[in-house]
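Before any comments, here is the structure.
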Amino acid sequence: MAKMKDYGQRMRFLGFSILLNSAANALTISTNLGSAVWTGSSVNLSNWIHVPLGTTLFLYGIAVTLLNQALLGKFDRRRFISNLLYILPFSYLVEWFGYFWNWLGVNQLNLTGRIIVDIIGLFGVAFAVSIYQRCNIIMHPNDDLAYILRFKYLRGSAVLAQWVSYLPPLTIIVLAYLFTGDLHAIGFGTVWALITQGIVMAWADFHVFPRLKHHVDV
């Protein structure tokens with residue numbers, strides 16, 4: 001009974017975190033002041049290959065899912081399926097939330113307003129990732145990559161794992177710029193995320209819904 005209650009609680013937190021993560025990522029895109037690193041790289045990849053953002057996010061997620069399997073050193077069917085289950089709703093929710101924030105006029109705010117909103121969005125992303133990493137039922141493959149690095153290779157360090165996991169999206173950003181000459185959703189918020197996201201996640205693990213503990217499986 002206790003296990004069922006715990007699982008039900010984790011499922012509720014998971015649903016909340018998916019909505020929070022989608023809305024917060026879309027909010028940072030709408031400010032056009034820089035998004036979380038993975039999100040910014042997805043926007044630039046979408047512009048580079050001329051594919052809608054939702055579809056780009058989905059295809060990007062499949063590629064990272066395969067990378068996660070390689071890092072695990074074995075085929076983990078549950079993890080493979082869970083990564084795919086996360087990216088399907090998340091990818092298109094980000095696109096839809098983006099339309100909603102633009103409809104509200106977030107992209108028309110003055111610079112100070114957009115900076116404040118961008119920071120709020122980036123905090124929301126970090127909080128959401130902390131929540132669903134602790135739930136560990138299904139997880140976005142990008143954040144599962146950091147999770148695998150954190151607990152399998154980097155002795156539990158959220159900060160170091162976050163920085164190492166940024167190598168693929170940073171590579172995509174550089175390549176997209178070289179091929180298109182443009183940068184999108186990269187700026188103040190991207191630098192903020194690079195410096196703070198791992199730190200904020202580590203803080204959130206103990207202060208945002210602190211009764212929700214890590215269910216480590218690597």
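Simple scheme: letters A, B, ... for chains in structure tokens order, numbers from 1 for residues in each chain, numbers from 1 for ligands in the order shown.
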Note to self: Write out as number ranges by chain the set of residues from segment 35-172 of chain A that DSSP, computed on the backbone, places in helix (DSSP H, G or I).
What the structure shows: A: 37-49, 53-72, 77-104, 106-108, 111-135, 141-153, 158-165, 167-172
Take the residues just selected and output them with C-alpha atoms as an mmCIF file, in the first residue's frame.
```cif
data_model
loop_
_atom_site.group_PDB
_atom_site.id
_atom_site.type_symbol
_atom_site.label_atom_id
_atom_site.label_comp_id
_atom_site.auth_asym_id
_atom_site.auth_seq_id
_atom_site.Cartn_x
_atom_site.Cartn_y
_atom_site.Cartn_z
ATOM 1 C CA VAL A 37 20.877 25.613 -23.355
ATOM 2 C CA TRP A 38 19.032 22.583 -24.753
ATOM 3 C CA THR A 39 16.011 24.689 -25.683
ATOM 4 C CA GLY A 40 18.163 27.311 -27.366
ATOM 5 C CA SER A 41 19.969 24.661 -29.378
ATOM 6 C CA SER A 42 16.618 23.182 -30.472
ATOM 7 C CA VAL A 43 15.400 26.580 -31.684
ATOM 8 C CA ASN A 44 18.590 27.055 -33.712
ATOM 9 C CA LEU A 45 18.447 23.509 -35.075
ATOM 10 C CA SER A 46 14.824 24.111 -36.118
ATOM 11 C CA ASN A 47 15.868 27.277 -37.948
ATOM 12 C CA TRP A 48 18.821 25.485 -39.556
ATOM 13 C CA ILE A 49 16.940 22.460 -40.916
ATOM 14 C CA LEU A 53 10.054 23.470 -33.436
ATOM 15 C CA GLY A 54 7.793 20.773 -31.996
ATOM 16 C CA THR A 55 8.990 18.200 -34.535
ATOM 17 C CA THR A 56 12.616 19.271 -34.097
ATOM 18 C CA LEU A 57 12.347 18.830 -30.328
ATOM 19 C CA PHE A 58 10.883 15.361 -30.847
ATOM 20 C CA LEU A 59 13.586 14.214 -33.303
ATOM 21 C CA TYR A 60 16.305 15.756 -31.129
ATOM 22 C CA GLY A 61 14.916 13.829 -28.173
ATOM 23 C CA ILE A 62 15.098 10.533 -30.072
ATOM 24 C CA ALA A 63 18.787 11.151 -30.839
ATOM 25 C CA VAL A 64 19.582 11.857 -27.174
ATOM 26 C CA THR A 65 17.571 8.791 -26.109
ATOM 27 C CA LEU A 66 19.947 6.656 -28.190
ATOM 28 C CA LEU A 67 22.958 8.430 -26.622
ATOM 29 C CA ASN A 68 21.601 7.605 -23.152
ATOM 30 C CA GLN A 69 21.410 3.919 -24.036
ATOM 31 C CA ALA A 70 25.042 4.006 -25.159
ATOM 32 C CA LEU A 71 26.129 5.638 -21.884
ATOM 33 C CA LEU A 72 24.266 3.027 -19.850
ATOM 34 C CA ARG A 77 13.870 -0.944 -22.375
ATOM 35 C CA ARG A 78 12.009 0.849 -19.571
ATOM 36 C CA ARG A 79 14.252 3.886 -19.842
ATOM 37 C CA PHE A 80 14.105 3.907 -23.648
ATOM 38 C CA ILE A 81 10.303 3.861 -23.644
ATOM 39 C CA SER A 82 10.075 6.421 -20.817
ATOM 40 C CA ASN A 83 12.283 8.886 -22.693
ATOM 41 C CA LEU A 84 10.064 8.611 -25.762
ATOM 42 C CA LEU A 85 6.890 8.941 -23.668
ATOM 43 C CA TYR A 86 8.183 12.202 -22.216
ATOM 44 C CA ILE A 87 9.306 13.913 -25.402
ATOM 45 C CA LEU A 88 6.061 13.336 -27.309
ATOM 46 C CA PRO A 89 3.806 15.593 -25.182
ATOM 47 C CA PHE A 90 6.626 17.917 -24.092
ATOM 48 C CA SER A 91 7.829 18.734 -27.610
ATOM 49 C CA TYR A 92 4.466 20.018 -28.792
ATOM 50 C CA LEU A 93 3.448 21.573 -25.456
ATOM 51 C CA VAL A 94 6.489 23.869 -25.712
ATOM 52 C CA GLU A 95 5.361 25.010 -29.145
ATOM 53 C CA TRP A 96 1.756 25.548 -28.006
ATOM 54 C CA PHE A 97 2.733 27.344 -24.795
ATOM 55 C CA GLY A 98 4.943 29.581 -26.946
ATOM 56 C CA TYR A 99 1.917 30.700 -28.947
ATOM 57 C CA PHE A 100 0.068 31.352 -25.685
ATOM 58 C CA TRP A 101 2.841 33.502 -24.138
ATOM 59 C CA ASN A 102 3.139 35.510 -27.358
ATOM 60 C CA TRP A 103 -0.635 35.978 -27.363
ATOM 61 C CA LEU A 104 -0.356 37.378 -23.823
ATOM 62 C CA VAL A 106 5.352 38.484 -23.312
ATOM 63 C CA ASN A 107 7.420 39.144 -26.428
ATOM 64 C CA GLN A 108 6.248 42.785 -26.396
ATOM 65 C CA LEU A 111 13.731 44.892 -21.730
ATOM 66 C CA THR A 112 13.505 44.933 -17.934
ATOM 67 C CA GLY A 113 10.237 43.022 -17.999
ATOM 68 C CA ARG A 114 11.595 40.402 -20.386
ATOM 69 C CA ILE A 115 14.743 39.919 -18.270
ATOM 70 C CA ILE A 116 12.614 39.289 -15.171
ATOM 71 C CA VAL A 117 10.310 36.905 -17.055
ATOM 72 C CA ASP A 118 13.285 35.100 -18.611
ATOM 73 C CA ILE A 119 14.816 34.481 -15.174
ATOM 74 C CA ILE A 120 11.458 33.257 -13.847
ATOM 75 C CA GLY A 121 11.233 30.851 -16.786
ATOM 76 C CA LEU A 122 14.757 29.529 -16.213
ATOM 77 C CA PHE A 123 14.034 28.945 -12.524
ATOM 78 C CA GLY A 124 10.877 27.109 -13.585
ATOM 79 C CA VAL A 125 12.898 24.857 -15.893
ATOM 80 C CA ALA A 126 15.392 23.990 -13.141
ATOM 81 C CA PHE A 127 12.604 23.308 -10.619
ATOM 82 C CA ALA A 128 10.746 21.090 -13.096
ATOM 83 C CA VAL A 129 13.847 19.048 -13.908
ATOM 84 C CA SER A 130 14.594 18.561 -10.203
ATOM 85 C CA ILE A 131 11.036 17.338 -9.611
ATOM 86 C CA TYR A 132 10.825 14.781 -12.389
ATOM 87 C CA GLN A 133 14.386 13.551 -11.895
ATOM 88 C CA ARG A 134 13.415 12.717 -8.331
ATOM 89 C CA CYS A 135 10.207 11.032 -9.516
ATOM 90 C CA PRO A 141 16.141 12.341 -22.527
ATOM 91 C CA ASN A 142 18.133 15.580 -22.277
ATOM 92 C CA ASP A 143 17.760 15.620 -18.513
ATOM 93 C CA ASP A 144 18.083 11.844 -18.270
ATOM 94 C CA LEU A 145 21.489 12.337 -19.888
ATOM 95 C CA ALA A 146 22.507 14.636 -17.018
ATOM 96 C CA TYR A 147 20.952 12.160 -14.541
ATOM 97 C CA ILE A 148 22.959 9.231 -15.945
ATOM 98 C CA LEU A 149 26.146 11.299 -15.948
ATOM 99 C CA ARG A 150 25.428 12.494 -12.416
ATOM 100 C CA PHE A 151 24.838 9.144 -10.756
ATOM 101 C CA LYS A 152 26.797 6.746 -12.977
ATOM 102 C CA TYR A 153 29.903 8.790 -13.772
ATOM 103 C CA ALA A 158 24.310 17.920 -10.153
ATOM 104 C CA VAL A 159 26.445 20.913 -11.139
ATOM 105 C CA LEU A 160 29.188 18.958 -12.940
ATOM 106 C CA ALA A 161 26.676 16.653 -14.638
ATOM 107 C CA GLN A 162 24.750 19.637 -15.965
ATOM 108 C CA TRP A 163 27.873 21.210 -17.448
ATOM 109 C CA VAL A 164 29.070 17.983 -19.093
ATOM 110 C CA SER A 165 25.602 17.318 -20.526
ATOM 111 C CA LEU A 167 28.423 19.600 -24.697
ATOM 112 C CA PRO A 168 25.963 18.233 -27.351
ATOM 113 C CA PRO A 169 23.637 21.287 -27.435
ATOM 114 C CA LEU A 170 26.568 23.710 -27.444
ATOM 115 C CA THR A 171 27.986 21.818 -30.436
ATOM 116 C CA ILE A 172 24.614 22.132 -32.228
#
```
Item checked: Contacts of Trp192 of chain A at 9 Å (only C-alpha atoms; same-chain gap of 5+ positions) as a list in words ->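 Listing them by chain and then by number gives Gly34, Ser35, Ala36, Ile119, Leu122, Gly187 and Gln197 of chain A.
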Notebook entry, point to check: From the list A:Ile137, A:Met201, A:Leu175, A:Leu27, which residue is nearest Ser157 of chain A when using only C-alpha atoms?
Noted result: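 The answer is A:Met201, which sits nearest to Ser157 of chain A.
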Margin query: With distances taken over only C-alpha atoms, which residue among A:Tyr166, A:Gly156, A:Ala24, A:Gly73 lies nearest Val191 of chain A?
Written below: A:Tyr166
Next item on the list: Could you tell me how far atom CA of Asn110 of chain A lies from atom CA of Ala23 of chain A, in Å and to one decimal?
Entry: 20.4 Å
Check: atom CA of Ile138 of chain A to atom CA of Leu14 of chain A: how many Å, to one decimal?
Finding: 7.9 Å
Item checked: For Gly15 of chain A, the nearest of the candidates A:Met139, A:Lys213, A:Val51, A:Thr31, counting only C-alpha atoms -> A:Met139
